[in-house]
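Beneath this line is the structure, given in structure tokens, with notes to follow.
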Amino acid sequence: MIRTRFAPSPTGYLHVGGLRTALYSYLFAKKNKGKFLLRIEDTDRERYVADGVANILKSLYWACVVPDEGVILDKEEITQKGKNGPYVQSQRLDIYKEHAEKLLADGHAYYCFCTPERLTQLREQQTAKKMPTGYDGHCLSVNPEEAKKRAKSGERCVVRLKMPKSGETVFNDMIRGEVRFKNELVDDQVLMKSDGYPTYHFAVVVDDHLMEITHIIRGEEWISSVPKHLQIYKYFGWEVPEMAHLPLLLNPDKSKLSKRQGDVAVEDYMKKGYLPEALVNFVAFLGWNPGTEKEMYTLDELVADFDFSKVGKTGAVFNVDKLNWFNKQYLKNLSNKDLVKIATPWLAEAGIDIDNKIIEGAVGLERERIEVLSELPEAIKFVFNLPDYNAGLLVWKKSTADEVKNILPKLAEFMNTISVRDWNKEKLEEKIGEWVGQNGYSTGSVLWPMRAALSGQEKSPGPFEIAEVLGKDAVLERINLAIGKLSN
Ligand code: GLU
């Protein structure tokens with residue numbers, strides 16, 4: 001069975017790059033009727049953030065990229081599921097210790113007692129001589145029995161991997177094909193730190209093996225670590241999973257995607273009012289494309305069509321305009337009723353009464369004009385509260401104040417004769433159109449002040465659409481208010 005995993009470190013929030021990694025892992029597992037796991041890699045205690053795990057889970061579940069096994073949410077509670085747990089690395093310290101001892105006993109790893117000061121000095125010397133930096137193997141010369149005694153007696157030490165210093169490590173990446181590394185350039189990686197925690201490099205290998213991961217899918221930044229990892233697999237005699245290293249995400253100027261140029265946390269996009277379907281659809285295309293014209297993909301369609309042979313090697317540009325385009329497409333597909341439902345948190349926060357009987361009509365007026373849900377309250381608030389505007393707004397650029405003063409009362413009078421039964425935008429347009437023609441007015445000199453009176457804004461949807469939503473009474477009230485402003 002295919003088993004993939006997403007293995008975030010709980011350092012605060014889910015990065016959009018992390019969402020892509022999780023998504024591809026999820027898609028690949030689902031496509032192959034496999035399992036998608038979530039493991040928490042929290043061995044770097046300095047970078048640990050208390051709500052980190054909750055934030056990551058919240059974002060993943062929002063995006064519907066839901067794990068089958070590992071750390072999961074059960075009725076909003078964080079829990080763990082599966083027979084290969086625990087799935088949180090800080091709860092697996094004994095397992096790493098045991099495995100490190102095995103490597104030590106077999107002579108594949110060694111204790112290192114070098115002080116941080118010595119290591120800093122070494123690095124400085126290497127840098128000064130323009131040599132590659134890395135551990136110089138100093139503690140390899142300590143007799144293993146002696147070293148064991150010193151470690152047992154509590155002397156501060158780490159455990160390092162004995163990396164062969166000649167030959168090459170070669171592996172086949174699902175995206176990049178054959179990748180080669182010279183072993184002499186690979187450091188004797190620390191496997192166990194002096195605080196008793198494993199490093200990422202050690203824990204990831206032990207866990208991927210014990211959790212029976214068949215395919216490792218992760219960001220390109222980890223590719224240079226693969227030789228160390230493969231050496232650990234080799235020493236243990238374990239089968240190596242397949243690997244896919246995803247291309248970097250780039251800013252539009254082709255630099256590495258960074259906070260400085262825009263939002264990178266999934267929760268930022270949640271808060272702005274992107275639909276999860278839109279963000280997932282957009283993120284799926286960051287590196288992958290189906291090779292056809294089709295762009296709109298549901299999660300299920302992605303499962304069906306996703307394929308690593310169509311994931312590129314070159315960096316993928318994170319283009320917010322494209323994301324906005326996707327979001328608009330998904331917004332378009334919602335009914336007004338559903339739009340109100342999903343926009344409720346934003347509407348309610350802005351003090352808009354979502355139980356108002358014209359709320360659906362109001363969102364319908366602006367739905368095509370907004371890109372994200374957080375723009376909706378501002379866009380529709382004129383429907384509920386007419387902004388205070390100056391009489392000048394009522395005068396169309398090709399008209400005069402006198403002409404508006406003359407026309408608006410007549411328009412109000414005429415509109416009053418239109419029955420409530422006919423109060424819809426088509427009928428209003430037809431009737432008012434006829435009336436304009438019969439009276440020899442120009443269209444703009446009637447529709448501009450009508451629209452301005454109804455919206456109180458320089459820009460707004462068309463007058464008939466607004467009139468339908470507001471209803472007859474409110475419309476007449478707003479036009480009369482405009483007439484009042486003109487006579488002041
Ligand atoms: N914990 C690593 C991270 O935060 C996971 C890398 C991997 O998937 O192996 O990116």
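Numbering starts fresh at 1 for the residues of each chain in the structure tokens, the chains themselves are lettered A, B, ... in the order given, and ligands are numbered from 1 as they appear.
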Need the shell around region 16-22 of chain A: protein/DNA/RNA residues with any atom at most 8 Å away, counting only C-alpha atoms. Skip same-chain ones fewer than 5 positions apart. Format as a PyMOL selection string? chain A and resi 5-6+8+60+65+217-219+246+249+264-266+283-284+286
For the residues selected in the previous step, produce a file with N, CA and C atoms as an mmCIF file, in the first residue's frame.
```cif
data_model
loop_
_atom_site.group_PDB
_atom_site.id
_atom_site.type_symbol
_atom_site.label_atom_id
_atom_site.label_comp_id
_atom_site.auth_asym_id
_atom_site.auth_seq_id
_atom_site.Cartn_x
_atom_site.Cartn_y
_atom_site.Cartn_z
ATOM 1 N N ARG A 5 3.447 10.954 3.685
ATOM 2 C CA ARG A 5 3.304 11.713 4.939
ATOM 3 C C ARG A 5 3.607 13.171 4.699
ATOM 4 N N PHE A 6 3.011 13.999 5.549
ATOM 5 C CA PHE A 6 3.383 15.405 5.630
ATOM 6 C C PHE A 6 3.955 15.543 7.033
ATOM 7 N N PRO A 8 5.301 18.407 9.125
ATOM 8 C CA PRO A 8 5.664 19.787 9.458
ATOM 9 C C PRO A 8 6.281 19.933 10.840
ATOM 10 N N LEU A 60 -4.990 22.790 7.460
ATOM 11 C CA LEU A 60 -5.115 21.606 6.595
ATOM 12 C C LEU A 60 -6.572 21.149 6.478
ATOM 13 N N VAL A 65 -7.492 18.921 3.172
ATOM 14 C CA VAL A 65 -6.370 17.996 3.002
ATOM 15 C C VAL A 65 -6.223 17.290 4.359
ATOM 16 N N ILE A 217 7.518 12.946 -0.035
ATOM 17 C CA ILE A 217 7.288 14.101 -0.922
ATOM 18 C C ILE A 217 7.548 15.339 -0.081
ATOM 19 N N ARG A 218 8.488 16.164 -0.529
ATOM 20 C CA ARG A 218 8.813 17.348 0.276
ATOM 21 C C ARG A 218 9.489 18.386 -0.608
ATOM 22 N N GLY A 219 9.793 19.533 0.001
ATOM 23 C CA GLY A 219 10.364 20.648 -0.751
ATOM 24 C C GLY A 219 11.808 20.388 -1.183
ATOM 25 N N LEU A 246 9.944 18.737 -4.452
ATOM 26 C CA LEU A 246 9.122 19.697 -5.203
ATOM 27 C C LEU A 246 9.875 20.994 -5.478
ATOM 28 N N LEU A 249 9.016 27.585 -4.424
ATOM 29 C CA LEU A 249 7.991 28.594 -4.746
ATOM 30 C C LEU A 249 8.683 29.953 -4.805
ATOM 31 N N VAL A 264 2.347 34.503 3.304
ATOM 32 C CA VAL A 264 2.795 33.131 3.056
ATOM 33 C C VAL A 264 2.059 32.116 3.922
ATOM 34 N N ALA A 265 1.295 32.593 4.903
ATOM 35 C CA ALA A 265 0.605 31.655 5.788
ATOM 36 C C ALA A 265 -0.785 31.359 5.250
ATOM 37 N N VAL A 266 -1.155 30.094 5.262
ATOM 38 C CA VAL A 266 -2.489 29.718 4.798
ATOM 39 C C VAL A 266 -3.551 30.500 5.577
ATOM 40 N N VAL A 283 -2.917 26.313 -5.601
ATOM 41 C CA VAL A 283 -1.690 25.705 -5.078
ATOM 42 C C VAL A 283 -1.324 24.436 -5.863
ATOM 43 N N ALA A 284 -2.344 23.692 -6.286
ATOM 44 C CA ALA A 284 -2.088 22.468 -7.064
ATOM 45 C C ALA A 284 -1.295 22.794 -8.330
ATOM 46 N N LEU A 286 0.935 25.051 -8.691
ATOM 47 C CA LEU A 286 2.282 25.588 -8.440
ATOM 48 C C LEU A 286 3.294 24.460 -8.623
#
```
Mind dumping a table of every chain A residue within 10 Å of ligand 1, with the nearest atom pair and its distance in Å to one decimal, using only C-alpha atoms and all ligand atoms, sorted by chain and rising number, as a tab-separated table?
```
residue	atom	partner	partner_atom_place_in_ligand_line	distance
A:Arg5	CA	ligand 1	8 (O)	7.6
A:Phe6	CA	ligand 1	8 (O)	6.1
A:Ala7	CA	ligand 1	5 (C)	4.7
A:Pro8	CA	ligand 1	4 (O)	4.1
A:Ser9	CA	ligand 1	4 (O)	4.3
A:Pro10	CA	ligand 1	4 (O)	7.8
A:Thr11	CA	ligand 1	4 (O)	8.3
A:Leu14	CA	ligand 1	4 (O)	9.8
A:His15	CA	ligand 1	10 (O)	9.9
A:Gly17	CA	ligand 1	10 (O)	9.5
A:Gly18	CA	ligand 1	10 (O)	7.5
A:Thr21	CA	ligand 1	8 (O)	8.3
A:Ala22	CA	ligand 1	8 (O)	9.3
A:Arg39	CA	ligand 1	1 (N)	8.6
A:Ile40	CA	ligand 1	1 (N)	7.3
A:Glu41	CA	ligand 1	1 (N)	5.0
A:Asp42	CA	ligand 1	1 (N)	7.7
A:Thr43	CA	ligand 1	1 (N)	8.9
A:Asp44	CA	ligand 1	1 (N)	9.4
A:Tyr200	CA	ligand 1	1 (N)	6.8
A:His201	CA	ligand 1	9 (O)	8.1
A:Ala203	CA	ligand 1	9 (O)	9.5
A:Val204	CA	ligand 1	9 (O)	6.1
A:Val205	CA	ligand 1	9 (O)	8.5
A:Asp208	CA	ligand 1	9 (O)	8.8
A:Ile216	CA	ligand 1	8 (O)	6.9
A:Ile217	CA	ligand 1	8 (O)	6.5
A:Arg218	CA	ligand 1	8 (O)	4.7
A:Gly219	CA	ligand 1	8 (O)	7.2
A:Glu220	CA	ligand 1	6 (C)	9.7
A:Glu221	CA	ligand 1	10 (O)	8.6
A:Trp222	CA	ligand 1	6 (C)	6.7
A:Ile223	CA	ligand 1	9 (O)	9.4
A:Ser225	CA	ligand 1	9 (O)	9.2
A:Val226	CA	ligand 1	9 (O)	9.5
A:His229	CA	ligand 1	9 (O)	10.0
A:Met243	CA	ligand 1	9 (O)	9.9
A:His245	CA	ligand 1	8 (O)	9.3
```
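Considering only C-alpha atoms, the residue among A:Pro252, A:Gly471, A:Gly364, A:Pro276 positioned nearest to Asn319 (chain A) is A:Pro252.
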Run DSSP on the backbone of this structure and report the residues of region 269-408 of chain A it assigns to helix (DSSP H, G or I), as a PyMOL selection string. chain A and resi 269-272+276-284+299-305+308-310+320-332+336-349+359-366+373-384+391-394+401-408
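Of the listed residues A:Asn327, A:Gln231, A:Asn143, A:Ser335, the one whose atoms come nearest to Ala278 (chain A) is A:Asn327, with distances taken using only C-alpha atoms.
In the backbone-derived DSSP annotation, strand (DSSP E or B) within region 245-423 of chain A comprises His245, Leu246, Leu249, Leu250, Lys256, Ala265, Trp288, Val311, Ala316 and Val317 of chain A.
Atom pair CA of Asp388 (chain A) / CA of Gln457 (chain A) has a distance of 9.0 Å (rounded to one decimal).
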So, with only C-alpha atoms as the atoms that count, which of A:Lys427, A:Arg369, A:Lys102, A:Lys405 lies closest to Ser460 (chain A)? A:Arg369
